[in-house]
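Asks: Enclosed is the structure file coords34.cif (mmCIF, C-alpha atoms).
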data_input
loop_
_atom_site.group_PDB
_atom_site.id
_atom_site.type_symbol
_atom_site.label_atom_id
_atom_site.label_comp_id
_atom_site.auth_asym_id
_atom_site.auth_seq_id
_atom_site.Cartn_x
_atom_site.Cartn_y
_atom_site.Cartn_z
ATOM 1 C CA VAL P 14 0.000 0.000 0.000
ATOM 2 C CA VAL P 15 1.244 3.476 -0.904
ATOM 3 C CA LYS P 16 1.357 5.717 2.142
ATOM 4 C CA THR P 17 1.728 9.457 2.186
ATOM 5 C CA THR P 18 4.166 10.784 4.770
ATOM 6 C CA ASN P 19 4.339 14.255 6.300
ATOM 7 C CA MET P 20 0.667 14.915 5.620
ATOM 8 C CA PRO P 21 -0.811 18.092 7.162
ATOM 9 C CA LYS P 22 -2.846 17.459 10.311
ATOM 10 C CA ASN P 23 -6.131 18.491 8.738
ATOM 11 C CA TRP P 24 -5.687 16.022 5.871
ATOM 12 C CA ARG P 25 -6.726 12.385 6.110
ATOM 13 C CA GLN P 26 -5.511 9.253 4.365
ATOM 14 C CA CYS P 27 -8.373 7.273 2.882
ATOM 15 C CA LYS P 28 -9.167 4.786 0.157
ATOM 16 C CA LEU P 29 -10.782 5.935 -3.065
ATOM 17 C CA GLY P 30 -13.752 3.649 -2.464
ATOM 18 C CA GLU P 31 -14.692 5.717 0.596
ATOM 19 C CA LEU P 32 -15.113 8.765 -1.626
ATOM 20 C CA LEU P 33 -17.297 7.299 -4.356
ATOM 21 C CA SER P 34 -21.017 7.748 -4.973
ATOM 22 C CA PHE P 35 -20.789 5.570 -8.086
ATOM 23 C CA GLY P 36 -18.498 2.878 -9.425
ATOM 24 C CA PRO P 37 -16.001 1.854 -10.335
ATOM 25 C CA LYS P 38 -17.960 0.250 -13.156
ATOM 26 C CA ASN P 39 -16.678 -1.067 -16.473
ATOM 27 C CA GLY P 40 -17.936 0.287 -19.777
ATOM 28 C CA TYR P 41 -19.198 -1.470 -22.881
ATOM 29 C CA SER P 42 -17.487 -2.115 -26.213
ATOM 30 C CA PRO P 43 -19.846 -3.219 -28.983
ATOM 31 C CA LYS P 44 -18.587 -3.564 -32.541
ATOM 32 C CA PRO P 45 -18.089 -0.131 -34.181
ATOM 33 C CA VAL P 46 -19.627 0.767 -37.530
ATOM 34 C CA ASP P 47 -18.227 2.871 -40.359
ATOM 35 C CA TYR P 48 -21.265 5.120 -40.700
ATOM 36 C CA GLU P 49 -22.755 7.848 -38.517
ATOM 37 C CA THR P 50 -25.273 6.855 -35.843
ATOM 38 C CA GLN P 51 -26.870 8.418 -32.783
ATOM 39 C CA THR P 52 -24.401 6.817 -30.359
ATOM 40 C CA LYS P 53 -20.740 7.730 -29.964
ATOM 41 C CA SER P 54 -18.407 5.537 -27.944
ATOM 42 C CA LEU P 55 -15.003 6.677 -26.754
ATOM 43 C CA THR P 56 -11.876 4.919 -27.930
ATOM 44 C CA LEU P 57 -9.168 4.121 -25.402
ATOM 45 C CA SER P 58 -7.011 6.955 -26.756
ATOM 46 C CA ALA P 59 -9.642 9.483 -25.631
ATOM 47 C CA THR P 60 -8.102 9.522 -22.152
ATOM 48 C CA THR P 61 -4.494 8.310 -22.538
ATOM 49 C CA SER P 62 -3.127 11.854 -22.280
ATOM 50 C CA GLY P 63 -4.671 12.335 -18.834
ATOM 51 C CA SER P 64 -7.223 14.759 -20.240
ATOM 52 C CA PHE P 65 -10.450 14.144 -22.143
ATOM 53 C CA ASP P 66 -10.217 14.190 -25.958
ATOM 54 C CA ALA P 67 -13.699 14.355 -27.485
ATOM 55 C CA SER P 68 -12.353 13.698 -30.983
ATOM 56 C CA LYS P 69 -11.350 10.107 -30.165
ATOM 57 C CA THR P 70 -14.657 8.341 -30.751
ATOM 58 C CA LYS P 71 -16.345 5.718 -32.898
ATOM 59 C CA PHE P 72 -19.972 5.135 -33.839
ATOM 60 C CA ILE P 73 -21.950 2.111 -32.664
ATOM 61 C CA ASP P 74 -25.282 0.995 -34.072
ATOM 62 C CA GLU P 75 -27.022 0.289 -30.794
ATOM 63 C CA THR P 76 -29.579 2.170 -28.747
ATOM 64 C CA ILE P 77 -28.359 2.827 -25.218
ATOM 65 C CA PRO P 78 -31.171 3.570 -22.712
ATOM 66 C CA ALA P 79 -31.217 7.173 -21.529
ATOM 67 C CA ASP P 80 -30.836 6.094 -17.899
ATOM 68 C CA SER P 81 -27.870 3.790 -18.584
ATOM 69 C CA HIS P 82 -24.732 4.220 -16.468
ATOM 70 C CA LEU P 83 -22.776 4.130 -19.741
ATOM 71 C CA TRP P 84 -23.613 7.739 -20.590
ATOM 72 C CA LEU P 85 -21.012 10.174 -19.335
ATOM 73 C CA ASP P 86 -22.091 13.071 -17.150
ATOM 74 C CA LYS P 87 -20.297 16.183 -15.934
ATOM 75 C CA GLY P 88 -17.727 15.343 -13.250
ATOM 76 C CA ASP P 89 -17.370 11.668 -14.165
ATOM 77 C CA ILE P 90 -13.821 10.308 -13.962
ATOM 78 C CA LEU P 91 -12.682 7.619 -16.372
ATOM 79 C CA ILE P 92 -9.843 5.259 -15.431
ATOM 80 C CA GLN P 93 -8.115 3.018 -17.955
ATOM 81 C CA ARG P 94 -8.351 -0.484 -16.515
ATOM 82 C CA GLY P 95 -6.334 -2.063 -19.307
ATOM 83 C CA ASN P 96 -3.553 -0.713 -21.493
ATOM 84 C CA SER P 97 0.231 -0.789 -21.797
ATOM 85 C CA SER P 98 2.247 -0.377 -18.600
ATOM 86 C CA GLU P 99 2.705 3.289 -19.545
ATOM 87 C CA TYR P 100 -1.016 4.002 -19.587
ATOM 88 C CA VAL P 101 -2.799 1.506 -17.350
ATOM 89 C CA GLY P 102 -4.619 3.425 -14.621
ATOM 90 C CA VAL P 103 -4.421 6.785 -16.415
ATOM 91 C CA SER P 104 -7.532 8.857 -15.751
ATOM 92 C CA ALA P 105 -9.371 11.767 -17.301
ATOM 93 C CA ILE P 106 -12.296 13.861 -16.143
ATOM 94 C CA TYR P 107 -15.364 14.546 -18.281
ATOM 95 C CA ASN P 108 -16.935 17.987 -18.010
ATOM 96 C CA GLY P 109 -19.397 17.914 -20.893
ATOM 97 C CA LYS P 110 -23.134 17.314 -21.139
ATOM 98 C CA ARG P 111 -24.845 14.014 -20.461
ATOM 99 C CA GLY P 112 -26.007 11.848 -23.348
ATOM 100 C CA ILE P 113 -23.180 12.545 -25.803
ATOM 101 C CA PHE P 114 -20.701 9.705 -25.166
ATOM 102 C CA ILE P 115 -20.615 6.228 -23.718
ATOM 103 C CA TYR P 116 -17.351 4.690 -22.540
ATOM 104 C CA PRO P 117 -15.646 1.391 -23.497
ATOM 105 C CA ASP P 118 -15.041 -1.812 -21.561
ATOM 106 C CA LEU P 119 -11.352 -1.078 -20.977
ATOM 107 C CA MET P 120 -12.315 1.966 -18.907
ATOM 108 C CA MET P 121 -13.966 2.213 -15.513
ATOM 109 C CA LYS P 122 -16.136 5.138 -14.490
ATOM 110 C CA ILE P 123 -16.306 6.644 -11.020
ATOM 111 C CA ARG P 124 -18.190 9.545 -9.489
ATOM 112 C CA VAL P 125 -17.138 11.114 -6.198
ATOM 113 C CA THR P 126 -19.165 12.145 -3.168
ATOM 114 C CA GLU P 127 -19.563 15.692 -1.869
ATOM 115 C CA ASP P 128 -16.507 15.189 0.352
ATOM 116 C CA ALA P 129 -14.275 15.264 -2.708
ATOM 117 C CA ILE P 130 -13.866 17.556 -5.689
ATOM 118 C CA PRO P 131 -13.634 15.612 -8.985
ATOM 119 C CA GLU P 132 -10.748 17.737 -10.248
ATOM 120 C CA TYR P 133 -8.734 17.082 -7.099
ATOM 121 C CA ILE P 134 -9.332 13.317 -7.215
ATOM 122 C CA HIS P 135 -8.287 13.373 -10.862
ATOM 123 C CA LEU P 136 -5.001 15.052 -9.901
ATOM 124 C CA ALA P 137 -4.471 12.523 -7.107
ATOM 125 C CA LEU P 138 -5.018 9.655 -9.549
ATOM 126 C CA LEU P 139 -2.400 11.065 -11.910
ATOM 127 C CA ALA P 140 0.195 11.471 -9.136
ATOM 128 C CA PRO P 141 3.383 9.362 -9.543
ATOM 129 C CA THR P 142 2.685 7.422 -6.329
ATOM 130 C CA THR P 143 -0.787 6.450 -7.567
ATOM 131 C CA ARG P 144 0.518 5.508 -11.000
ATOM 132 C CA ALA P 145 3.143 3.296 -9.322
ATOM 133 C CA TYR P 146 0.420 1.715 -7.167
ATOM 134 C CA PHE P 147 -1.668 0.839 -10.225
ATOM 135 C CA LEU P 148 1.265 -0.692 -12.075
ATOM 136 C CA LYS P 149 2.372 -2.693 -9.022
ATOM 137 C CA ASN P 150 -1.126 -4.123 -8.574
ATOM 138 C CA ALA P 151 -1.867 -4.753 -12.243
ATOM 139 C CA THR P 152 -2.220 -8.295 -13.554
ATOM 140 C CA GLY P 153 -0.819 -9.582 -16.835
ATOM 141 C CA THR P 154 2.332 -7.450 -16.721
ATOM 142 C CA SER P 155 4.450 -10.169 -18.364
ATOM 143 C CA GLY P 156 3.796 -9.975 -22.082
ATOM 144 C CA SER P 157 0.033 -9.381 -22.032
ATOM 145 C CA MET P 158 -1.863 -6.144 -21.488
ATOM 146 C CA PRO P 159 -1.655 -5.064 -17.801
ATOM 147 C CA LYS P 160 -5.059 -4.667 -16.168
ATOM 148 C CA ILE P 161 -6.348 -3.335 -12.884
ATOM 149 C CA ASN P 162 -9.652 -4.394 -11.377
ATOM 150 C CA GLN P 163 -12.348 -2.648 -9.375
ATOM 151 C CA VAL P 164 -10.936 -3.823 -6.040
ATOM 152 C CA VAL P 165 -7.568 -2.254 -6.855
ATOM 153 C CA VAL P 166 -9.235 1.017 -7.845
ATOM 154 C CA LYS P 167 -11.395 1.146 -4.700
ATOM 155 C CA SER P 168 -8.304 0.507 -2.568
ATOM 156 C CA THR P 169 -6.306 3.346 -4.131
ATOM 157 C CA PRO P 170 -4.751 5.461 -1.325
ATOM 158 C CA ILE P 171 -5.888 9.083 -1.526
ATOM 159 C CA PRO P 172 -4.530 11.900 0.692
ATOM 160 C CA LEU P 173 -7.621 14.048 1.235
ATOM 161 C CA PRO P 174 -7.454 17.688 2.386
ATOM 162 C CA PRO P 175 -10.539 19.712 3.375
ATOM 163 C CA PRO P 176 -12.699 20.904 0.438
ATOM 164 C CA ALA P 177 -11.314 24.455 0.528
ATOM 165 C CA GLU P 178 -7.771 23.109 0.277
ATOM 166 C CA GLN P 179 -8.781 20.801 -2.562
ATOM 167 C CA LYS P 180 -10.084 23.811 -4.481
ATOM 168 C CA ARG P 181 -6.904 25.767 -3.783
ATOM 169 C CA ILE P 182 -4.724 22.928 -5.052
ATOM 170 C CA VAL P 183 -6.784 22.538 -8.218
ATOM 171 C CA ALA P 184 -6.654 26.295 -8.877
ATOM 172 C CA LYS P 185 -2.874 26.364 -8.342
ATOM 173 C CA VAL P 186 -2.309 23.436 -10.703
ATOM 174 C CA ASP P 187 -4.512 25.110 -13.335
ATOM 175 C CA GLU P 188 -2.464 28.286 -12.939
ATOM 176 C CA LEU P 189 0.812 26.407 -13.353
ATOM 177 C CA MET P 190 -0.503 24.479 -16.362
ATOM 178 C CA THR P 191 -1.522 27.743 -18.011
ATOM 179 C CA LEU P 192 1.976 29.099 -17.375
ATOM 180 C CA CYS P 193 3.511 25.949 -18.892
ATOM 181 C CA ASP P 194 1.310 26.336 -21.985
ATOM 182 C CA GLN P 195 2.412 29.966 -22.344
ATOM 183 C CA LEU P 196 6.084 29.018 -21.992
ATOM 184 C CA GLU P 197 5.700 26.230 -24.528
ATOM 185 C CA ALA P 198 4.046 28.631 -26.978
ATOM 186 C CA HIS P 199 6.858 31.140 -26.423
ATOM 187 C CA ILE P 200 9.522 28.481 -27.010
ATOM 188 C CA THR P 201 7.782 27.327 -30.190
ATOM 189 C CA HIS P 202 7.560 30.904 -31.430
ATOM 190 C CA THR P 203 11.251 31.493 -30.681
ATOM 191 C CA GLN P 204 12.244 28.292 -32.464
ATOM 192 C CA THR P 205 10.199 29.323 -35.500
ATOM 193 C CA LEU P 206 11.901 32.737 -35.569
ATOM 194 C CA ASN P 207 15.325 31.082 -35.282
ATOM 195 C CA THR P 208 14.490 28.741 -38.155
ATOM 196 C CA HIS P 209 13.370 31.636 -40.360
ATOM 197 C CA LEU P 210 16.504 33.585 -39.448
ATOM 198 C CA MET P 211 18.740 30.633 -40.305
ATOM 199 C CA ASP P 212 16.940 30.123 -43.613
ATOM 200 C CA SER P 213 17.405 33.809 -44.425
ATOM 201 C CA LEU P 214 21.136 33.706 -43.595
ATOM 202 C CA ILE P 215 21.654 30.566 -45.677
ATOM 203 C CA HIS P 216 19.799 32.168 -48.576
ATOM 204 C CA ARG P 217 21.954 35.318 -48.386
ATOM 205 C CA MET P 218 25.167 33.278 -48.198
ATOM 206 C CA THR P 219 24.072 31.240 -51.210
ATOM 207 C CA VAL P 220 23.274 34.390 -53.232
ATOM 208 C CA ALA P 221 26.577 36.021 -52.226
ATOM 209 C CA ALA P 222 28.531 32.960 -53.296
#
Starting from the file, give its structure as structure tokens.
Replies:
Amino acid sequence: VVKTTNMPKNWRQCKLGELLSFGPKNGYSPKPVDYETQTKSLTLSATTSGSFDASKTKFIDETIPADSHLWLDKGDILIQRGNSSEYVGVSAIYNGKRGIFIYPDLMMKIRVTEDAIPEYIHLALLAPTTRAYFLKNATGTSGSMPKINQVVVKSTPIPLPPPAEQKRIVAKVDELMTLCDQLEAHITHTQTLNTHLMDSLIHRMTVAA
């Protein structure tokens, strides 16, 4: 079991299962079709980056009842229960409308209680200690696709601060991610300018020769 040391006094160590109002529950993977239908199912690559990618979908020719657990709703967290060792256990949070997507069998869906903020639990699930926990407890790691089951997911250690602290952490991470995006854009822009400058210098040298 992964334990968190030096935790603030007002935090508590708990298992993910204690914080769930739904799940974990596996999805459904019917055969896809090559024409447009009323039902979109996510592919596994929709969440491998750790964020939700709505473009990674396929159509299925089945009617899913409106009250089915398969439909994603705002705040749902999807966890990859089977993938390569690099991606098994990776999660993403869905913040769209209900009734647009269903999720596949190689994902599990969870929904948290009022004690936890979905965005904070998502961050906790992506933490290196949690990723190591999933990989350590996965089955089929020798040659076949590693998988984690519902018991493993429910037993995931989660360091839980009070709700206000959860919100502060989420806001700070969002701020830092925005800064990283800005720095990446700046670096890309600088590299593009350097490339154009080099091309211009090479062109001038060629003309002069």
Asks: Which polymer residues have any atom within 8 Å of an atom of Thr52 (chain P), counting only C-alpha atoms, with same-chain residues fewer than 3 positions away left out, as a list in words?
Replies: Phe72, Ile73, Asp74, Glu75, Thr76, Ile77, Ile113, Phe114 and Ile115 of chain P
Asks: Which is closer to Thr60 (chain P) than all the others in P:Ser104, P:Thr169, P:Thr142, P:Ser157, using all atoms listed in the file?
Replies: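 For Thr60 (chain P), the nearest of the candidates is P:Ser104.
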Asks: Quick one: what's the axis-aligned box for region 165-180 of chain P, all listed atoms, 3 Å on every side, centre and edges in Å to one decimal, as AutoDock Vina command-line options?
Replies:
--center_x -8.6 --center_y 11.1 --center_z -2.2 --size_x 14.2 --size_y 32.7 --size_z 17.2
Asks: I'd like the residues picked by the PyMOL selection byres ((chain P and resi 178-186) around 12) written out as a list of chain:residue names, using the chain letters and numbers from the file.
Replies: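 Here the PyMOL selection byres ((chain P and resi 178-186) around 12) matches P:Pro21, P:Asn23, P:Trp24, P:Glu127, P:Asp128, P:Ala129, P:Ile130, P:Pro131, P:Glu132, P:Tyr133, P:Ile134, P:His135, P:Leu136, P:Ala137, P:Pro172, P:Leu173, P:Pro174, P:Pro175, P:Pro176, P:Ala177, P:Asp187, P:Glu188, P:Leu189, P:Met190, P:Thr191, P:Leu192, P:Cys193.
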Asks: Out of P:Gln163, P:Ser98, P:Trp84, P:Gly63, which residue has the shortest atom-to-atom distance to Ala140 (chain P) when counting all atoms listed in the file?
Replies: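 Nearest to Ala140 (chain P): P:Gly63.
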Asks: Applied to the shown file, which residues does the PyMOL selection byres ((chain P and resi 34) around 10) return, written as a list in words?
Replies: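 Expected selection for the PyMOL selection byres ((chain P and resi 34) around 10) here is Gly30, Glu31, Leu32, Leu33, Phe35, Gly36, Pro37, Ile123, Arg124, Val125, Thr126 and Glu127 of chain P.
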Asks: Report the residues retrieved by the PyMOL selection byres ((chain P and resi 69) around 12) from the displayed file, expressed as a list in words.
Replies: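 Checking the PyMOL selection byres ((chain P and resi 69) around 12) against this file, the residues are Lys53, Ser54, Leu55, Thr56, Leu57, Ser58, Ala59, Thr60, Thr61, Ser62, Ser64, Phe65, Asp66, Ala67, Ser68, Thr70, Lys71, Phe72, Phe114, Ile115, Tyr116 and Pro117 of chain P.
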Asks: Which residue out of P:Pro45, P:Pro141, P:Pro78, P:Gly88 has the minimum interatomic distance to Val103 (chain P) when only C-alpha atoms are used?
Replies: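 Among the listed residues, P:Pro141 lies closest to Val103 (chain P).
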Asks: For the atom pair CA of Asp86 (chain P) and CA of Glu99 (chain P), what is the interatomic distance in Å to one decimal place?
Replies: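 Separation of CA of Asp86 (chain P) and CA of Glu99 (chain P): 26.8 Å.
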Asks: Do you have the CA of Cys27 (chain P)-CA of Pro170 (chain P) distance handy?
Replies: 5.8 Å
Asks: In Å, rounded to a single decimal, give me how far CA of Leu119 (chain P) is from CA of Leu85 (chain P).
Replies: 14.9 Å
Asks: P:Arg111, P:Lys28, P:Lys149, P:Lys167: which is nearest Ile92 (chain P), counting all atoms listed in the file?
Replies: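 Of all the options, P:Lys167 lies closest to Ile92 (chain P).
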Asks: Using only C-alpha atoms, can you tell me which of P:Leu148, P:Ile106, P:Leu83, P:Ile90 comes closest to Ile161 (chain P)?
Replies: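 Closest to Ile161 (chain P) of all the choices is P:Leu148.
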Asks: I need the residue nearest Gly95 (chain P) from this list: P:Asn108, P:Gln26, P:Asn39, P:Thr50. Use only C-alpha atoms for the distance.
Replies: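 Nearest candidate to Gly95 (chain P) out of P:Asn108, P:Gln26, P:Asn39, P:Thr50: P:Asn39.
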